[in-house]
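Trainee: Got a structure for you, questions after.
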Amino acid sequence: MNFNMLHPADQIVTIMNRLYYYGMTTMTGGNLSVKDSEGTVWISPSGVDKGSLRREDIMQIKPNGEIVGIHKPSVEYPFHLGVYKKRPDLGAVLHAHPPALIAFSLLRKAPDTSIIPDAKILCGEIGIARYACPGSAKLGENISKEFEKGINTVLLENHGVVIGSTDLFKAFMSFETLDYLARLQINAGTLGGEIKTISERHLEMFKLKTIPKLDTFTPTVHTSEEQAVRREMCTLIKRAYGEQLFTSEQGTFSCRLSDGSFIITPRGKDRAYLEPEDLVLIKDGKCEAGKAPSRSVKFHMYMYGQHKDVNSIIVAHPPHLMAFAVTDNEFDARLIPESYIALKTVRKFPFGSTFMQPELLAREFSLKNPVAIIENDCAACAGTSLANAFDRLEVMEYSAKSLIQARSISGEIIKINDEEVKEIETVFNL
């Protein structure tokens, strides 16, 4: 889907729907706006259920101040207009109240964008606007003052967050990343220990993350096996996005076909709307013509080259598991029998392993050691099938969530002991 080809009203409905159903705003909370090429500001209405918003509900504010539509515009529309006045380079403004960012706004401090590279790149510097009553001229003045500094991400004291960008999808990506970062930082804080950040050198490494240059080919036929794999991958990618295991343009799935080729997710495509034709076929080291594979394609190539029994690989960023990636806490899968059976020993590798040393990282995998955590970056799972790899991803995140919740309860966390592990290994032939 080409988001920017949607009408502004449809853009607002689409993004508000995602905000509401992913738990990032409430029935009447939050507001979005888009400024079109003629200077008209399209904005969400006031007091209308955000879970059932229609395109005809979206209001217009003309350049001359005329208000057009069947409702009242959001009570916050003055600050939207104020931001556009101070920053004519912006084409969209997003305001919402997700619980994790509200937590930071209550503390009147911003999440630390140095924890993960995407946050530093997408969110940039975070401003903090002084508290003022919603809809008031003072609130608009406080927000606009931060945007006037060139900042695009502004936390509001005791209120929420406002993000501006050139278009609404980019604003949503920044917002989604900031919300993910806030949840990750809260999870890491609950887990305990020092939260590790990435250095400027690591950030530059990430920015220079090379896009592999592969020769291309044009497929002459798409087998029924390939078509089935494409369909299954899209189903599970959308499920993973719905479970918030990664954000819009994060996360890589791949699956090997019986002829040795494999299908992989594309670079720069919204995971919520991927279709089978968007996925990329890699065959004999060559890429399907006209498509751009994930930046981690080399890691997947090395994995399939070195492990003939691995048929699927997933790289994701689940927010509870990533709490272990940004602290020195070790993830021990000896929690319940199911977690140990699925995960075995979960090891941790240095930041940059997937793109700086993919061949070396691939050597460390096997079906006896099928999962890994990459510091301040991601988690990787390998499986005998797409379903097997996805199950491991879910088990890792659910187990990490259980550990973090256990840390919030007083008492000692007791793991399955060595004797009980040996019994599991014998019974399940591990």
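Labeling convention for the structure tokens: chains A, B, ... as they appear, residues from 1 per chain, ligands from 1 in order of appearance.
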Write out as a list in words which residues come within 7 Å of stretch 140-155 of chain A when counting only C-alpha atoms, dropping same-chain ones fewer than 4 positions away.
Mentor: Pro78, Phe79, Gly82, Val83, Lys86, Arg87, Ser105, Ala110, Cys123, Glu125, Ile126, Gly127, Ile128, Ala129, Arg130, Ser136, Gly160, Val161, Val162, Ile163, Gly164 and Ser165 of chain A
Trainee: Step one, run DSSP on the backbone; step two, keep only residues of stretch 100-166 of chain A assigned to helix (DSSP H, G or I); then write them as number ranges by chain.
Mentor: A: 100-107, 117-123, 137-147
Trainee: Could you please take those selected residues and save C-alpha atoms as a short mmCIF file (atom, residue, chain, number, x, y, z; two decimals), in the first residue's frame?
Mentor:
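Listing of result28.cif after writing:
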```
data_model
loop_
_atom_site.label_atom_id
_atom_site.label_comp_id
_atom_site.auth_asym_id
_atom_site.auth_seq_id
_atom_site.Cartn_x
_atom_site.Cartn_y
_atom_site.Cartn_z
CA ALA A 100 4.13 4.00 28.72
CA LEU A 101 4.68 7.55 27.50
CA ILE A 102 2.16 8.87 30.02
CA ALA A 103 4.33 7.23 32.70
CA PHE A 104 7.30 9.29 31.51
CA SER A 105 5.16 12.44 31.27
CA LEU A 106 4.13 11.99 34.91
CA LEU A 107 7.81 11.90 35.84
CA PRO A 117 19.55 2.89 17.46
CA ASP A 118 16.13 3.22 15.78
CA ALA A 119 14.94 5.55 18.54
CA LYS A 120 17.94 7.84 18.17
CA ILE A 121 17.51 7.99 14.40
CA LEU A 122 13.70 8.21 14.10
CA CYS A 123 12.83 10.27 17.17
CA ALA A 137 -3.63 28.96 24.01
CA LYS A 138 -0.93 28.45 26.64
CA LEU A 139 -0.56 24.75 25.77
CA GLY A 140 -0.29 25.65 22.09
CA GLU A 141 2.37 28.22 22.91
CA ASN A 142 4.35 25.73 25.03
CA ILE A 143 4.28 23.06 22.31
CA SER A 144 5.06 25.43 19.45
CA LYS A 145 8.03 26.80 21.39
CA GLU A 146 9.62 23.33 21.38
CA PHE A 147 8.91 22.75 17.68
#
```
Trainee: Which residue, A:Ser254, A:Ser410, A:Thr216, A:Ser174, has the smallest gap to A:Glu232 when you use only C-alpha atoms?
Mentor: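 The shortest atom-to-atom distance to A:Glu232 comes from A:Ser254.
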Trainee: Identify, on the basis of only C-alpha atoms, every residue whose closest approach to A:Phe355 does not exceed 12 Å; exclude the query and any residue fewer than 4 positions from it along the same chain; express the result as a list in words.
Mentor: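 Final neighbour list, sorted by chain and number: His202, Met205, Phe206, Lys207, Leu208, Lys209, Thr210, Ile211, Pro212, Ser294, Arg295, Ser296, Val297, Lys298, Phe299, His300, Tyr302, Val315, Pro350, Phe351, Glu359, Leu360, Leu361, Ala362, Ile374, Asp377 and Cys378 of chain A.
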Trainee: Go ahead and save the picked residues with N, CA and C atoms, as a PDB file, in the first residue's frame.
Mentor:
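What landed in part_15.pdb:
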```pdb
ATOM      1  N   HIS A 202      28.779   2.983  17.935  1.00  0.00           N
ATOM      2  CA  HIS A 202      27.800   1.966  17.576  1.00  0.00           C
ATOM      3  C   HIS A 202      26.701   2.560  16.697  1.00  0.00           C
ATOM      4  N   MET A 205      28.000   2.873  13.306  1.00  0.00           N
ATOM      5  CA  MET A 205      28.024   1.537  12.702  1.00  0.00           C
ATOM      6  C   MET A 205      26.648   1.181  12.152  1.00  0.00           C
ATOM      7  N   PHE A 206      25.626   1.483  12.936  1.00  0.00           N
ATOM      8  CA  PHE A 206      24.259   1.149  12.539  1.00  0.00           C
ATOM      9  C   PHE A 206      23.839   1.976  11.317  1.00  0.00           C
ATOM     10  N   LYS A 207      24.172   3.253  11.315  1.00  0.00           N
ATOM     11  CA  LYS A 207      23.820   4.111  10.184  1.00  0.00           C
ATOM     12  C   LYS A 207      24.507   3.658   8.900  1.00  0.00           C
ATOM     13  N   LEU A 208      25.718   3.114   9.068  1.00  0.00           N
ATOM     14  CA  LEU A 208      26.491   2.657   7.904  1.00  0.00           C
ATOM     15  C   LEU A 208      26.169   1.218   7.539  1.00  0.00           C
ATOM     16  N   LYS A 209      25.178   0.660   8.221  1.00  0.00           N
ATOM     17  CA  LYS A 209      24.733  -0.700   7.953  1.00  0.00           C
ATOM     18  C   LYS A 209      24.501  -0.850   6.448  1.00  0.00           C
ATOM     19  N   THR A 210      25.352  -1.612   5.824  1.00  0.00           N
ATOM     20  CA  THR A 210      25.333  -1.653   4.365  1.00  0.00           C
ATOM     21  C   THR A 210      24.125  -2.409   3.833  1.00  0.00           C
ATOM     22  N   ILE A 211      23.630  -1.935   2.712  1.00  0.00           N
ATOM     23  CA  ILE A 211      22.565  -2.637   2.009  1.00  0.00           C
ATOM     24  C   ILE A 211      23.246  -3.619   1.060  1.00  0.00           C
ATOM     25  N   PRO A 212      23.104  -4.909   1.288  1.00  0.00           N
ATOM     26  CA  PRO A 212      23.814  -5.877   0.450  1.00  0.00           C
ATOM     27  C   PRO A 212      23.483  -5.688  -1.034  1.00  0.00           C
ATOM     28  N   SER A 294      15.437  -7.410   3.002  1.00  0.00           N
ATOM     29  CA  SER A 294      15.862  -6.935   4.320  1.00  0.00           C
ATOM     30  C   SER A 294      17.371  -6.735   4.358  1.00  0.00           C
ATOM     31  N   ARG A 295      17.806  -5.752   5.157  1.00  0.00           N
ATOM     32  CA  ARG A 295      19.239  -5.495   5.315  1.00  0.00           C
ATOM     33  C   ARG A 295      19.974  -6.687   5.923  1.00  0.00           C
ATOM     34  N   SER A 296      19.245  -7.545   6.631  1.00  0.00           N
ATOM     35  CA  SER A 296      19.897  -8.695   7.262  1.00  0.00           C
ATOM     36  C   SER A 296      19.920  -9.922   6.351  1.00  0.00           C
ATOM     37  N   VAL A 297      19.707  -9.735   5.049  1.00  0.00           N
ATOM     38  CA  VAL A 297      19.620 -10.868   4.120  1.00  0.00           C
ATOM     39  C   VAL A 297      20.883 -11.731   4.150  1.00  0.00           C
ATOM     40  N   LYS A 298      22.059 -11.134   4.342  1.00  0.00           N
ATOM     41  CA  LYS A 298      23.299 -11.906   4.375  1.00  0.00           C
ATOM     42  C   LYS A 298      23.307 -12.895   5.548  1.00  0.00           C
ATOM     43  N   PHE A 299      22.810 -12.457   6.701  1.00  0.00           N
ATOM     44  CA  PHE A 299      22.722 -13.351   7.853  1.00  0.00           C
ATOM     45  C   PHE A 299      21.858 -14.562   7.512  1.00  0.00           C
ATOM     46  N   HIS A 300      20.728 -14.328   6.851  1.00  0.00           N
ATOM     47  CA  HIS A 300      19.835 -15.415   6.474  1.00  0.00           C
ATOM     48  C   HIS A 300      20.516 -16.335   5.460  1.00  0.00           C
ATOM     49  N   TYR A 302      23.750 -16.924   5.152  1.00  0.00           N
ATOM     50  CA  TYR A 302      24.745 -17.728   5.856  1.00  0.00           C
ATOM     51  C   TYR A 302      24.080 -18.814   6.705  1.00  0.00           C
ATOM     52  N   VAL A 315      13.955 -12.520  12.766  1.00  0.00           N
ATOM     53  CA  VAL A 315      14.650 -11.491  13.543  1.00  0.00           C
ATOM     54  C   VAL A 315      13.582 -10.492  13.989  1.00  0.00           C
ATOM     55  N   PRO A 350      27.162  -9.601  20.885  1.00  0.00           N
ATOM     56  CA  PRO A 350      27.387  -8.148  20.878  1.00  0.00           C
ATOM     57  C   PRO A 350      26.547  -7.406  19.844  1.00  0.00           C
ATOM     58  N   PHE A 351      26.316  -6.144  20.125  1.00  0.00           N
ATOM     59  CA  PHE A 351      25.612  -5.258  19.192  1.00  0.00           C
ATOM     60  C   PHE A 351      26.297  -5.306  17.823  1.00  0.00           C
ATOM     61  N   GLU A 359      28.260 -13.966   9.230  1.00  0.00           N
ATOM     62  CA  GLU A 359      28.726 -15.332   9.031  1.00  0.00           C
ATOM     63  C   GLU A 359      29.139 -15.952  10.361  1.00  0.00           C
ATOM     64  N   LEU A 360      29.825 -15.166  11.195  1.00  0.00           N
ATOM     65  CA  LEU A 360      30.246 -15.667  12.503  1.00  0.00           C
ATOM     66  C   LEU A 360      29.040 -15.950  13.388  1.00  0.00           C
ATOM     67  N   LEU A 361      28.047 -15.057  13.362  1.00  0.00           N
ATOM     68  CA  LEU A 361      26.845 -15.268  14.169  1.00  0.00           C
ATOM     69  C   LEU A 361      26.120 -16.535  13.710  1.00  0.00           C
ATOM     70  N   ALA A 362      26.036 -16.730  12.397  1.00  0.00           N
ATOM     71  CA  ALA A 362      25.339 -17.898  11.865  1.00  0.00           C
ATOM     72  C   ALA A 362      25.974 -19.193  12.352  1.00  0.00           C
ATOM     73  N   ILE A 374      20.660 -10.222  20.627  1.00  0.00           N
ATOM     74  CA  ILE A 374      21.728  -9.336  20.193  1.00  0.00           C
ATOM     75  C   ILE A 374      21.611  -8.042  20.992  1.00  0.00           C
ATOM     76  N   ASP A 377      19.742  -4.506  20.222  1.00  0.00           N
ATOM     77  CA  ASP A 377      19.367  -4.581  18.814  1.00  0.00           C
ATOM     78  C   ASP A 377      18.146  -5.445  18.560  1.00  0.00           C
ATOM     79  N   CYS A 378      18.254  -6.764  18.751  1.00  0.00           N
ATOM     80  CA  CYS A 378      17.182  -7.642  18.304  1.00  0.00           C
ATOM     81  C   CYS A 378      17.299  -9.017  18.948  1.00  0.00           C
TER      82      CYS A 378
END
```
Trainee: Dump as CSV the rows for residues of stretch 274-303 of chain A within 9 Å of stretch 234-244 of chain A: closest atom pair and distance in Å with one decimal, only C-alpha atoms counted, ordered by chain and rising residue number.
Mentor:
```
residue,atom,partner,partner_atom,distance
A:Leu274,CA,A:Cys234,CA,6.2
A:Glu275,CA,A:Cys234,CA,6.2
A:Pro276,CA,A:Cys234,CA,6.3
A:Leu279,CA,A:Cys234,CA,8.4
```
Trainee: Keeping only C-alpha atoms, write the selected residues as a compact mmCIF listing (two decimals), in the first residue's frame.
Mentor:
```txt
# COMPACT_ATOMS: atom_id res chain seq x y z
CA LEU A 274 2.51 -6.79 3.58
CA GLU A 275 1.08 -8.85 0.75
CA PRO A 276 2.54 -12.04 -0.79
CA LEU A 279 8.05 -10.58 -0.32
```
Trainee: Just checking: using only C-alpha atoms, which residue out of A:Leu81, A:Val310, A:Val93, A:Ile116 ends up closest to A:Ile61?
Mentor: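 Of A:Leu81, A:Val310, A:Val93, A:Ile116, the one nearest A:Ile61 is A:Leu81, counting only C-alpha atoms.
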Trainee: Could you work out how far atom CA of A:Asp49 lies from atom CA of A:Gly29, giving the answer in Å with one decimal?
Mentor: 8.8 Å
Trainee: Show me, as a PyMOL selection string, the residues that have an atom within 10 Å of A:Ala182 when counting only C-alpha atoms, minus same-chain residues fewer than 3 positions from it.
Mentor: chain A and resi 98-104+110-113+176-179+185-188+319
Trainee: Mind giving me the straight-line distance from atom CA of A:Glu288 to atom CA of A:Asp391 in Å, one decimal?
Mentor: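 Distance reported for this atom pair: 28.2 Å.
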Trainee: List the spatial neighbours of A:Pro293 as a PyMOL selection string - criterion: any atom at most 7 Å away, only C-alpha atoms, same-chain residues fewer than 4 positions off excluded.
Mentor: chain A and resi 264-267+280+297
Trainee: Do you know which residues are at most 6 Å from A:Pro370 counting only C-alpha atoms, after dropping those on the same chain fewer than 2 positions away, and could you put them as a ChimeraX atom specification?
Mentor: /A:365-368,381-382
Trainee: Store the residues picked out above in a file with N, CA and C atoms, as a PDB file, in the first residue's frame.
Mentor:
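What ended up in part23.pdb:
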```pdb
ATOM      1  N   PHE A 365      24.612 -20.782  15.634  1.00  0.00           N
ATOM      2  CA  PHE A 365      23.258 -21.327  15.693  1.00  0.00           C
ATOM      3  C   PHE A 365      23.251 -22.813  15.376  1.00  0.00           C
ATOM      4  N   SER A 366      22.229 -23.495  15.869  1.00  0.00           N
ATOM      5  CA  SER A 366      21.891 -24.863  15.482  1.00  0.00           C
ATOM      6  C   SER A 366      20.508 -25.104  16.061  1.00  0.00           C
ATOM      7  N   LEU A 367      19.901 -26.205  15.711  1.00  0.00           N
ATOM      8  CA  LEU A 367      18.588 -26.482  16.290  1.00  0.00           C
ATOM      9  C   LEU A 367      18.693 -26.840  17.769  1.00  0.00           C
ATOM     10  N   LYS A 368      19.925 -27.120  18.267  1.00  0.00           N
ATOM     11  CA  LYS A 368      20.125 -27.324  19.711  1.00  0.00           C
ATOM     12  C   LYS A 368      20.362 -25.995  20.424  1.00  0.00           C
ATOM     13  N   CYS A 381      15.569 -16.136  15.952  1.00  0.00           N
ATOM     14  CA  CYS A 381      15.093 -17.495  16.186  1.00  0.00           C
ATOM     15  C   CYS A 381      15.235 -18.305  14.901  1.00  0.00           C
ATOM     16  N   ALA A 382      15.624 -19.552  15.034  1.00  0.00           N
ATOM     17  CA  ALA A 382      15.692 -20.466  13.896  1.00  0.00           C
ATOM     18  C   ALA A 382      14.779 -21.642  14.165  1.00  0.00           C
TER      19      ALA A 382
END
```
Trainee: So what do you get for atom CA of A:Val395 versus atom CA of A:Ser339, distance-wise?
Mentor: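 For atom CA of A:Val395 relative to atom CA of A:Ser339, the distance reads 6.2 Å.
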Trainee: Near stretch 53-59 of chain A, counting only C-alpha atoms, which residues have an atom at most 8 Å away, once you skip same-chain residues fewer than 4 positions from it, shown as a list of chain:residue names?
Mentor: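 Listing them by chain and then by number gives A:Ala9, A:Asp10, A:Ile12, A:Val13, A:Met16, A:Asn17, A:Trp42, A:Ile43, A:Ser44, A:Pro45, A:Val48, A:Asp49, A:Ile67, A:Val68, A:Gly69, A:Ile70, A:His71, A:Lys72, A:Pro73.
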Trainee: Just to be explicit: take each residue in the selection above, keep C-alpha atoms, and write the result as a PDB file, in the first residue's frame.
Mentor:
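Produced file selection-v5.pdb, reproduced below:
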```pdb
ATOM      1  CA  ALA A   9      -9.117  11.779   5.527  1.00  0.00           C
ATOM      2  CA  ASP A  10      -8.306   8.131   4.824  1.00  0.00           C
ATOM      3  CA  ILE A  12      -6.161   9.875   9.476  1.00  0.00           C
ATOM      4  CA  VAL A  13      -8.736   7.064   9.749  1.00  0.00           C
ATOM      5  CA  MET A  16      -6.129   6.381  14.223  1.00  0.00           C
ATOM      6  CA  ASN A  17      -7.437   2.846  13.797  1.00  0.00           C
ATOM      7  CA  TRP A  42      -7.505  17.840   7.877  1.00  0.00           C
ATOM      8  CA  ILE A  43      -7.985  16.855  11.525  1.00  0.00           C
ATOM      9  CA  SER A  44      -9.750  14.217  13.615  1.00  0.00           C
ATOM     10  CA  PRO A  45     -13.032  15.322  15.250  1.00  0.00           C
ATOM     11  CA  VAL A  48     -16.099  10.869  18.268  1.00  0.00           C
ATOM     12  CA  ASP A  49     -15.243   7.203  18.984  1.00  0.00           C
ATOM     13  CA  ILE A  67     -14.120  24.982   9.522  1.00  0.00           C
ATOM     14  CA  VAL A  68     -15.797  22.391   7.297  1.00  0.00           C
ATOM     15  CA  GLY A  69     -17.366  19.088   8.385  1.00  0.00           C
ATOM     16  CA  ILE A  70     -20.170  17.399  10.306  1.00  0.00           C
ATOM     17  CA  HIS A  71     -18.537  17.598  13.752  1.00  0.00           C
ATOM     18  CA  LYS A  72     -16.355  19.944  15.732  1.00  0.00           C
ATOM     19  CA  PRO A  73     -12.617  19.643  15.123  1.00  0.00           C
TER      20      PRO A  73
END
```
Trainee: Between A:Leu386, A:Val421, A:Ala342, A:Gly193, which one has atoms that come closest to A:Ile263, using only C-alpha atoms?
Mentor: A:Leu386
Trainee: Between A:Pro318, A:Gly51, A:Pro63, A:Pro337, which residue has the minimum interatomic distance to A:Tyr21, considering only C-alpha atoms?
Mentor: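 Distance minimum relative to A:Tyr21 lands on A:Gly51.
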Trainee: Among stretch 156-227 of chain A, which residues carry a DSSP assignment of strand (DSSP E), reported as a VMD selection string?
Mentor: chain A and resid 156 160 to 165 216 to 217
Trainee: With N, CA and C atoms retained, could you export that selection as a PDB file, in the first residue's frame?
Mentor:
```
ATOM      1  N   LEU A 156       4.657  16.013  26.531  1.00  0.00           N
ATOM      2  CA  LEU A 156       3.887  17.026  27.260  1.00  0.00           C
ATOM      3  C   LEU A 156       3.789  16.626  28.726  1.00  0.00           C
ATOM      4  N   GLY A 160       0.947  13.624  27.443  1.00  0.00           N
ATOM      5  CA  GLY A 160       1.156  12.673  26.352  1.00  0.00           C
ATOM      6  C   GLY A 160       2.318  13.107  25.493  1.00  0.00           C
ATOM      7  N   VAL A 161       2.187  12.900  24.193  1.00  0.00           N
ATOM      8  CA  VAL A 161       3.275  13.231  23.281  1.00  0.00           C
ATOM      9  C   VAL A 161       2.713  13.834  22.003  1.00  0.00           C
ATOM     10  N   VAL A 162       3.489  14.729  21.393  1.00  0.00           N
ATOM     11  CA  VAL A 162       3.148  15.308  20.085  1.00  0.00           C
ATOM     12  C   VAL A 162       4.337  15.081  19.161  1.00  0.00           C
ATOM     13  N   ILE A 163       4.054  14.563  17.968  1.00  0.00           N
ATOM     14  CA  ILE A 163       5.111  14.316  16.996  1.00  0.00           C
ATOM     15  C   ILE A 163       4.726  14.941  15.665  1.00  0.00           C
ATOM     16  N   GLY A 164       5.658  15.638  15.065  1.00  0.00           N
ATOM     17  CA  GLY A 164       5.443  16.220  13.748  1.00  0.00           C
ATOM     18  C   GLY A 164       6.385  15.598  12.743  1.00  0.00           C
ATOM     19  N   SER A 165       5.944  15.521  11.482  1.00  0.00           N
ATOM     20  CA  SER A 165       6.809  14.996  10.434  1.00  0.00           C
ATOM     21  C   SER A 165       6.312  15.499   9.086  1.00  0.00           C
ATOM     22  N   THR A 216      20.575  -9.633  -9.618  1.00  0.00           N
ATOM     23  CA  THR A 216      19.135  -9.869  -9.676  1.00  0.00           C
ATOM     24  C   THR A 216      18.780 -10.891 -10.761  1.00  0.00           C
ATOM     25  N   PHE A 217      17.595 -11.418 -10.625  1.00  0.00           N
ATOM     26  CA  PHE A 217      17.067 -12.328 -11.642  1.00  0.00           C
ATOM     27  C   PHE A 217      15.560 -12.145 -11.713  1.00  0.00           C
TER      28      PHE A 217
END
```
